[in-house]
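Here is run_13.cif, consisting of mmCIF, C-alpha atoms:
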data_upload
loop_
_atom_site.label_atom_id
_atom_site.label_comp_id
_atom_site.auth_asym_id
_atom_site.auth_seq_id
_atom_site.Cartn_x
_atom_site.Cartn_y
_atom_site.Cartn_z
CA MET A 1 0.07 -25.28 -12.59
CA ALA A 2 3.45 -26.73 -11.73
CA GLY A 3 3.19 -28.89 -14.83
CA LEU A 4 2.50 -25.88 -17.02
CA ALA A 5 5.53 -24.12 -15.58
CA GLU A 6 7.83 -26.86 -16.81
CA SER A 7 6.77 -26.35 -20.40
CA GLY A 8 8.36 -23.62 -22.45
CA SER A 9 5.41 -23.49 -24.87
CA ASN A 10 2.90 -21.59 -22.74
CA PRO A 11 2.43 -17.79 -22.62
CA ASP A 12 3.34 -17.59 -18.93
CA VAL A 13 6.82 -19.00 -19.50
CA GLU A 14 7.31 -17.11 -22.76
CA LEU A 15 6.48 -13.82 -21.04
CA LEU A 16 8.81 -14.75 -18.20
CA TYR A 17 11.70 -15.14 -20.64
CA ASP A 18 10.78 -11.94 -22.49
CA ILE A 19 10.72 -9.80 -19.35
CA ASN A 20 13.65 -11.47 -17.61
CA GLY A 21 15.63 -11.25 -20.84
CA LEU A 22 15.71 -7.49 -20.37
CA ALA A 23 17.96 -8.05 -17.34
CA LYS A 24 20.58 -9.74 -19.49
CA ASP A 25 20.87 -6.75 -21.82
CA ALA A 26 20.70 -4.09 -19.10
CA PRO A 27 23.78 -2.54 -17.43
CA HIS A 28 24.88 -4.11 -14.16
CA TRP A 29 24.00 -0.98 -12.16
CA PHE A 30 20.46 -1.01 -13.56
CA ASP A 31 19.96 -4.62 -12.47
CA ARG A 32 21.10 -3.66 -8.98
CA VAL A 33 18.58 -0.81 -8.94
CA MET A 34 15.80 -3.14 -10.07
CA GLU A 35 16.85 -5.64 -7.42
CA PHE A 36 16.51 -3.04 -4.67
CA VAL A 37 13.30 -1.60 -6.08
CA GLY A 38 11.66 -4.98 -6.51
CA GLU A 39 12.76 -6.36 -3.17
CA TYR A 40 12.32 -3.35 -0.86
CA GLY A 41 11.97 0.01 -2.58
CA LEU A 42 8.44 -0.05 -3.97
CA LEU A 43 6.92 -1.62 -0.87
CA PHE A 44 8.64 1.04 1.24
CA ALA A 45 7.37 3.77 -1.12
CA ILE A 46 3.77 2.58 -0.76
CA VAL A 47 4.11 2.53 3.03
CA LEU A 48 5.39 6.12 2.86
CA LEU A 49 2.34 7.08 0.79
CA VAL A 50 0.06 5.63 3.48
CA LEU A 51 1.90 7.61 6.17
CA TRP A 52 1.84 10.78 4.05
CA CYS A 53 -1.90 10.43 3.55
CA TRP A 54 -2.43 9.84 7.29
CA TRP A 55 -0.39 12.94 8.12
CA GLY A 56 -2.57 15.06 5.84
CA VAL A 57 -5.79 13.60 7.24
CA ARG A 58 -4.86 14.24 10.86
CA ARG A 59 -3.73 17.79 10.09
CA ARG A 60 -7.03 18.64 8.42
CA GLY A 61 -9.12 17.04 11.16
CA GLY A 62 -12.84 17.53 10.76
CA ASP A 63 -15.84 15.26 11.12
CA GLU A 64 -14.51 12.67 8.66
CA ALA A 65 -11.06 12.33 10.25
CA ALA A 66 -11.93 9.22 12.26
CA SER A 67 -13.41 7.32 9.31
CA ASN A 68 -10.53 8.38 7.03
CA VAL A 69 -7.92 7.22 9.54
CA ALA A 70 -9.86 3.96 9.98
CA ALA A 71 -9.58 3.38 6.21
CA LEU A 72 -5.85 4.07 6.35
CA VAL A 73 -5.41 1.66 9.26
CA TRP A 74 -7.17 -0.98 7.19
CA ALA A 75 -4.55 -0.72 4.41
CA PRO A 76 -1.67 -2.41 6.32
CA LEU A 77 -4.10 -4.75 8.06
CA ALA A 78 -5.44 -5.84 4.68
CA ALA A 79 -1.88 -6.54 3.54
CA GLY A 80 -1.28 -8.70 6.60
CA VAL A 81 -4.54 -10.61 6.17
CA ALA A 82 -3.81 -11.19 2.47
CA VAL A 83 -0.38 -12.65 3.23
CA LEU A 84 -1.93 -14.98 5.84
CA VAL A 85 -4.50 -16.12 3.29
CA ASN A 86 -1.65 -16.78 0.86
CA VAL A 87 0.09 -19.22 3.22
CA PRO A 88 -2.26 -22.17 2.59
CA ILE A 89 -2.51 -21.26 -1.12
CA ARG A 90 1.25 -21.55 -1.59
CA GLY A 91 1.32 -24.80 0.34
CA PHE A 92 -1.51 -26.26 -1.74
CA VAL A 93 -0.19 -25.24 -5.18
CA GLU A 94 3.50 -25.94 -4.40
CA ARG A 95 4.78 -24.22 -7.52
CA PRO A 96 8.60 -24.11 -7.67
CA ARG A 97 10.43 -20.88 -8.42
CA PRO A 98 10.89 -20.39 -12.17
CA PHE A 99 14.70 -20.67 -12.06
CA LYS A 100 14.34 -24.18 -10.63
CA SER A 101 12.39 -25.36 -13.65
CA HIS A 102 13.87 -23.29 -16.47
CA GLU A 103 17.43 -22.70 -17.55
CA GLY A 104 18.95 -19.50 -18.84
CA LEU A 105 17.17 -17.10 -16.50
CA GLU A 106 18.99 -14.08 -15.07
CA VAL A 107 18.26 -14.39 -11.34
CA LEU A 108 19.03 -11.15 -9.51
CA VAL A 109 18.24 -12.35 -5.98
CA GLU A 110 19.64 -15.54 -4.49
CA GLY A 111 18.19 -17.66 -1.72
CA LYS A 112 14.57 -17.78 -2.89
CA ASN A 113 13.77 -21.41 -2.12
CA ASP A 114 10.13 -21.18 -1.08
CA PHE A 115 7.18 -21.70 -3.43
CA SER A 116 6.41 -19.20 -6.16
CA PHE A 117 2.60 -18.95 -6.41
CA VAL A 118 1.20 -16.59 -5.16
CA SER A 119 3.80 -13.79 -4.93
CA ASP A 120 3.92 -12.38 -1.41
CA HIS A 121 5.43 -9.12 -2.66
CA ALA A 122 2.68 -8.60 -5.23
CA THR A 123 0.04 -9.47 -2.64
CA LEU A 124 1.45 -7.08 -0.05
CA CYS A 125 1.92 -4.17 -2.43
CA MET A 126 -1.50 -4.44 -4.06
CA ALA A 127 -3.37 -4.93 -0.78
CA LEU A 128 -1.68 -1.82 0.61
CA ALA A 129 -2.36 0.13 -2.58
CA VAL A 130 -6.04 -0.84 -2.85
CA GLY A 131 -6.53 -0.22 0.87
CA LEU A 132 -5.05 3.25 0.37
CA PHE A 133 -7.31 3.74 -2.66
CA VAL A 134 -10.34 3.08 -0.46
CA ALA A 135 -9.17 5.88 1.83
CA ASN A 136 -7.89 8.35 -0.77
CA ARG A 137 -8.33 8.01 -4.54
CA ARG A 138 -5.40 10.23 -5.54
CA PHE A 139 -2.84 8.57 -3.28
CA GLY A 140 -4.34 5.17 -4.06
CA ILE A 141 -3.89 5.50 -7.82
CA VAL A 142 -0.22 6.38 -7.35
CA ALA A 143 0.21 3.38 -5.04
CA ILE A 144 -1.50 1.03 -7.51
CA VAL A 145 0.85 2.17 -10.27
CA LEU A 146 3.82 1.49 -7.97
CA ALA A 147 2.42 -1.96 -7.12
CA LEU A 148 2.05 -2.81 -10.81
CA PHE A 149 5.64 -1.81 -11.45
CA GLY A 150 6.69 -3.87 -8.44
CA GLY A 151 5.07 -6.93 -10.01
CA PHE A 152 6.95 -6.31 -13.22
CA ALA A 153 10.18 -6.03 -11.22
CA ARG A 154 9.60 -9.45 -9.61
CA VAL A 155 9.41 -11.09 -13.04
CA TYR A 156 12.38 -9.03 -14.26
CA MET A 157 14.39 -10.36 -11.32
CA GLY A 158 13.64 -13.94 -12.34
CA VAL A 159 12.01 -14.95 -9.06
CA HIS A 160 8.36 -15.17 -10.17
CA TYR A 161 6.25 -16.15 -13.14
CA PRO A 162 3.88 -13.46 -14.47
CA THR A 163 0.89 -15.48 -13.20
CA ASP A 164 2.42 -15.49 -9.71
CA VAL A 165 2.27 -11.72 -9.79
CA VAL A 166 -1.22 -11.55 -11.31
CA GLY A 167 -2.43 -13.97 -8.64
CA GLY A 168 -0.90 -11.76 -5.95
CA PHE A 169 -2.60 -8.68 -7.40
CA ALA A 170 -5.94 -10.49 -7.44
CA LEU A 171 -5.56 -11.79 -3.88
CA GLY A 172 -4.49 -8.43 -2.46
CA THR A 173 -7.31 -6.60 -4.24
CA ALA A 174 -9.95 -9.12 -3.17
CA VAL A 175 -8.97 -9.01 0.50
CA ALA A 176 -8.71 -5.20 0.62
CA LEU A 177 -12.07 -4.63 -1.10
CA LEU A 178 -14.24 -7.50 0.10
CA LEU A 179 -13.32 -7.17 3.77
CA SER A 180 -13.32 -3.36 3.73
CA PRO A 181 -16.95 -2.90 4.92
CA VAL A 182 -16.42 -5.21 7.89
CA ALA A 183 -13.08 -3.59 8.70
CA MET A 184 -14.55 -0.08 8.57
CA ALA A 185 -17.46 -1.10 10.81
CA LEU A 186 -14.97 -2.33 13.40
CA LEU A 187 -12.22 0.27 13.04
CA THR A 188 -14.25 3.49 12.79
CA PRO A 189 -15.64 3.33 16.36
CA LEU A 190 -12.11 2.57 17.56
CA THR A 191 -10.58 5.57 15.79
CA ARG A 192 -13.39 7.80 17.10
CA ALA A 193 -12.61 6.65 20.62
CA VAL A 194 -8.93 7.40 20.04
CA GLU A 195 -9.83 10.84 18.67
CA ARG A 196 -11.66 11.69 21.90
CA SER A 197 -8.65 10.70 24.01
CA PRO A 198 -6.65 13.64 25.42
CA ARG A 199 -3.45 11.58 25.24
CA VAL A 200 -3.52 9.97 21.79
CA GLY A 201 -6.22 11.95 20.02
CA TRP A 202 -3.54 13.61 17.87
CA LEU A 203 -3.13 10.30 16.05
CA VAL A 204 -6.53 10.85 14.45
CA SER A 205 -6.94 14.60 14.37
CA ALA A 206 -4.46 17.32 15.23
CA ARG A 207 -7.31 19.85 15.30
CA GLY A 208 -10.10 17.75 16.74
CA ARG A 209 -10.09 18.82 20.40
CA ALA A 210 -8.34 22.13 19.74
CA GLY A 211 -10.88 22.89 17.01
CA ALA A 212 -13.79 22.39 19.38
CA ALA A 213 -12.16 24.71 21.91
CA GLY A 214 -11.31 27.14 19.14
CA ARG A 215 -14.97 27.59 18.35
CA GLY A 216 -15.21 29.20 21.78
CA ALA A 217 -12.20 31.57 21.61
CA VAL A 218 -8.70 30.70 20.51
CA ILE A 219 -7.30 34.20 21.10
CA PRO A 220 -8.28 35.88 24.39
CA GLY A 221 -10.48 38.88 23.77
CA ALA A 222 -11.05 38.09 20.11
CA ARG A 223 -14.75 37.32 20.47
CA LYS A 224 -15.27 40.40 22.65
CA GLU A 225 -13.76 42.61 20.00
CA ASN A 226 -15.85 40.99 17.31
CA ALA A 227 -18.96 41.36 19.43
CA SER A 228 -18.30 45.06 20.07
CA GLU A 229 -17.68 45.65 16.38
CA ALA A 230 -20.93 43.90 15.52
CA SER A 231 -22.74 46.04 18.11
CA ASP A 232 -21.29 49.25 16.61
CA GLU A 233 -22.38 48.16 13.15
CA ARG A 234 -25.92 47.56 14.41
CA ASP A 235 -25.95 51.00 16.07
CA LEU A 236 -24.81 52.67 12.85
CA ALA A 237 -27.40 50.79 10.89
CA ALA A 238 -30.10 51.96 13.26
#
Could you quickly redo this structure as structure tokens?
Amino acid sequence: MAGLAESGSNPDVELLYDINGLAKDAPHWFDRVMEFVGEYGLLFAIVLLVLWCWWGVRRRGGDEAASNVAALVWAPLAAGVAVLVNVPIRGFVERPRPFKSHEGLEVLVEGKNDFSFVSDHATLCMALAVGLFVANRRFGIVAIVLALFGGFARVYMGVHYPTDVVGGFALGTAVALLLSPVAMALLTPLTRAVERSPRVGWLVSARGRAGAAGRGAVIPGARKENASEASDERDLAA
């Protein structure tokens, strides 16, 4: 793969120049925006989506709250596992960054001296996004779109080949999906135990314990009034 990267006649390199060439024609401020978005912004946005989804799940509560929260916990764990899996892959492939093998690239971020394949950013973003998709389809689709744009931004910035990004997408997706059944089997009992805790149960369900008590009587006297009304209705019906 490193040998292919040094040739300018393959589609990977040609696409690299096509996408990175957009940075040369773009205004300086737009390049700075893409630099921030590609380096931090999109990853941060996906993390916010995971937190937003968790907040909605815990507010709704219900019987499925524990399993839903377990799926959301798996999303960042999947990202971490995927990056760990990528460590030996990068060391084995040893693909240099594209700007070290090709001239004329517009590099927006300096100091990238580690290996290029597979992209850690693409791996992290896609593992988070697919993990979120397992928990919530609507939020997950939005996160996947953000991850795809993040991969484009990495090539635009001149720090990755397109195949680095595609490899990261594949790795993140594989880890998040293939290990999901095992993760859910381990995490769901844990989140159910947390839900039953009087101290930290709110992390799983804001209405879990209160909801069970509420089925008795949330407002003092409310059930008595309802019972008397029901009794009057039965008397009238008789």
Quick check, in Å to one decimal: how far apart do atom CA of Gly91 of chain A and atom CA of Trp74 of chain A lie?
26.2 Å
List every residue of segment 30-107 of chain A that has an atom at most 6 Å from any atom of segment 169-193 of chain A, giving for each one its closest atom pair and the distance in Å to one decimal, counting only C-alpha atoms, sorted by chain and then by ascending residue number, as JSON lines.
{"residue": "A:Ala66", "atom": "CA", "partner": "A:Arg192", "partner_atom": "CA", "distance": 5.3}
{"residue": "A:Ser67", "atom": "CA", "partner": "A:Thr188", "partner_atom": "CA", "distance": 5.2}
{"residue": "A:Ala70", "atom": "CA", "partner": "A:Thr188", "partner_atom": "CA", "distance": 5.2}
{"residue": "A:Ala78", "atom": "CA", "partner": "A:Ala176", "partner_atom": "CA", "distance": 5.3}
{"residue": "A:Ala82", "atom": "CA", "partner": "A:Gly172", "partner_atom": "CA", "distance": 5.7}
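Checking A:Phe92, A:Phe133, A:Phe115, A:Tyr40 one by one against Leu72 of chain A, counting all atoms listed in the file, you find the shortest gap at A:Phe133.
The space between atom CA of Val194 of chain A and atom CA of Arg59 of chain A spans 15.3 Å.
Taking atom CA of Thr163 of chain A as the reference point, atom CA of Phe117 of chain A is found at 7.8 Å.
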Leaving out Ala122 of chain A and any residue of its chain fewer than 4 positions from it, which residues lie within 8 Å of it when counting all atoms listed in the file, given as a list in words?
Met126, Ala147, Gly150, Gly151, Val165, Val166, Gly168, Phe169 and Gly172 of chain A
Within 7 Å of segment 83-89 of chain A using only C-alpha atoms, minus same-chain residues under 6 positions, as an MDAnalysis selection string
chainID A and resid 118 120 123:124
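Evaluating the PyMOL selection byres ((chain A and resi 52) around 12) against the shown model yields Ala45, Ile46, Val47, Leu48, Leu49, Val50, Leu51, Cys53, Trp54, Trp55, Gly56, Val57, Arg58, Arg59, Val69, Leu72, Leu132, Asn136, Phe139, Gly140 and Ala143 of chain A.
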For the selection just defined, write its residues with C-alpha atoms to a file, as a JSON list (two decimals), in the frame of the given file.
[["chain", "number", "residue", "atom", "x", "y", "z"],
["A", 45, "ALA", "CA", 7.37, 3.77, -1.12],
["A", 46, "ILE", "CA", 3.77, 2.58, -0.76],
["A", 47, "VAL", "CA", 4.11, 2.53, 3.03],
["A", 48, "LEU", "CA", 5.39, 6.12, 2.86],
["A", 49, "LEU", "CA", 2.34, 7.08, 0.79],
["A", 50, "VAL", "CA", 0.06, 5.63, 3.48],
["A", 51, "LEU", "CA", 1.90, 7.61, 6.17],
["A", 53, "CYS", "CA", -1.90, 10.43, 3.55],
["A", 54, "TRP", "CA", -2.43, 9.84, 7.29],
["A", 55, "TRP", "CA", -0.39, 12.94, 8.12],
["A", 56, "GLY", "CA", -2.57, 15.06, 5.84],
["A", 57, "VAL", "CA", -5.79, 13.60, 7.24],
["A", 58, "ARG", "CA", -4.86, 14.24, 10.86],
["A", 59, "ARG", "CA", -3.73, 17.79, 10.09],
["A", 69, "VAL", "CA", -7.92, 7.22, 9.54],
["A", 72, "LEU", "CA", -5.85, 4.07, 6.35],
["A", 132, "LEU", "CA", -5.05, 3.25, 0.37],
["A", 136, "ASN", "CA", -7.89, 8.35, -0.77],
["A", 139, "PHE", "CA", -2.84, 8.57, -3.28],
["A", 140, "GLY", "CA", -4.34, 5.17, -4.06],
["A", 143, "ALA", "CA", 0.21, 3.38, -5.04]]
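Considering all atoms listed in the file, the residue among A:Glu14, A:Asp31, A:Asp63, A:Glu94 positioned nearest to Arg154 of chain A is A:Asp31.
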Pick from A:Ala71, A:Val37, A:Ala23, A:Met157 nearest to Ala129 of chain A, counting all atoms listed in the file:
A:Ala71
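Evaluating the PyMOL selection byres ((chain A and resi 107) around 9) against the shown model yields Asn20, Ala23, Phe99, Leu105, Glu106, Leu108, Val109, Glu110, Tyr156, Met157, Gly158 and Val159 of chain A.
Of the residues listed (A:Arg97, A:Gly38, A:His28, A:Ala206), A:Arg97 shows the shortest atom-to-atom separation from Gly111 of chain A; distances use only C-alpha atoms.
Among the candidates A:Glu39, A:Asn68, A:Val33, A:Asp25, the one nearest to Leu203 of chain A when counting all atoms listed in the file is A:Asn68.
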Box for segment 28-47 of chain A - axis-aligned, 8 Å on each of the six sides, all listed atoms - centre and size in Å to one decimal, as lines of an AutoDock Vina configuration file.
center_x = 14.3
center_y = -1.3
center_z = -5.6
size_x = 37.1
size_y = 26.1
size_z = 33.2
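Using all atoms listed in the file, the smallest distance between any of A:Val13, A:Ala153, A:Pro198, A:His160 and Met34 of chain A comes from A:Ala153.
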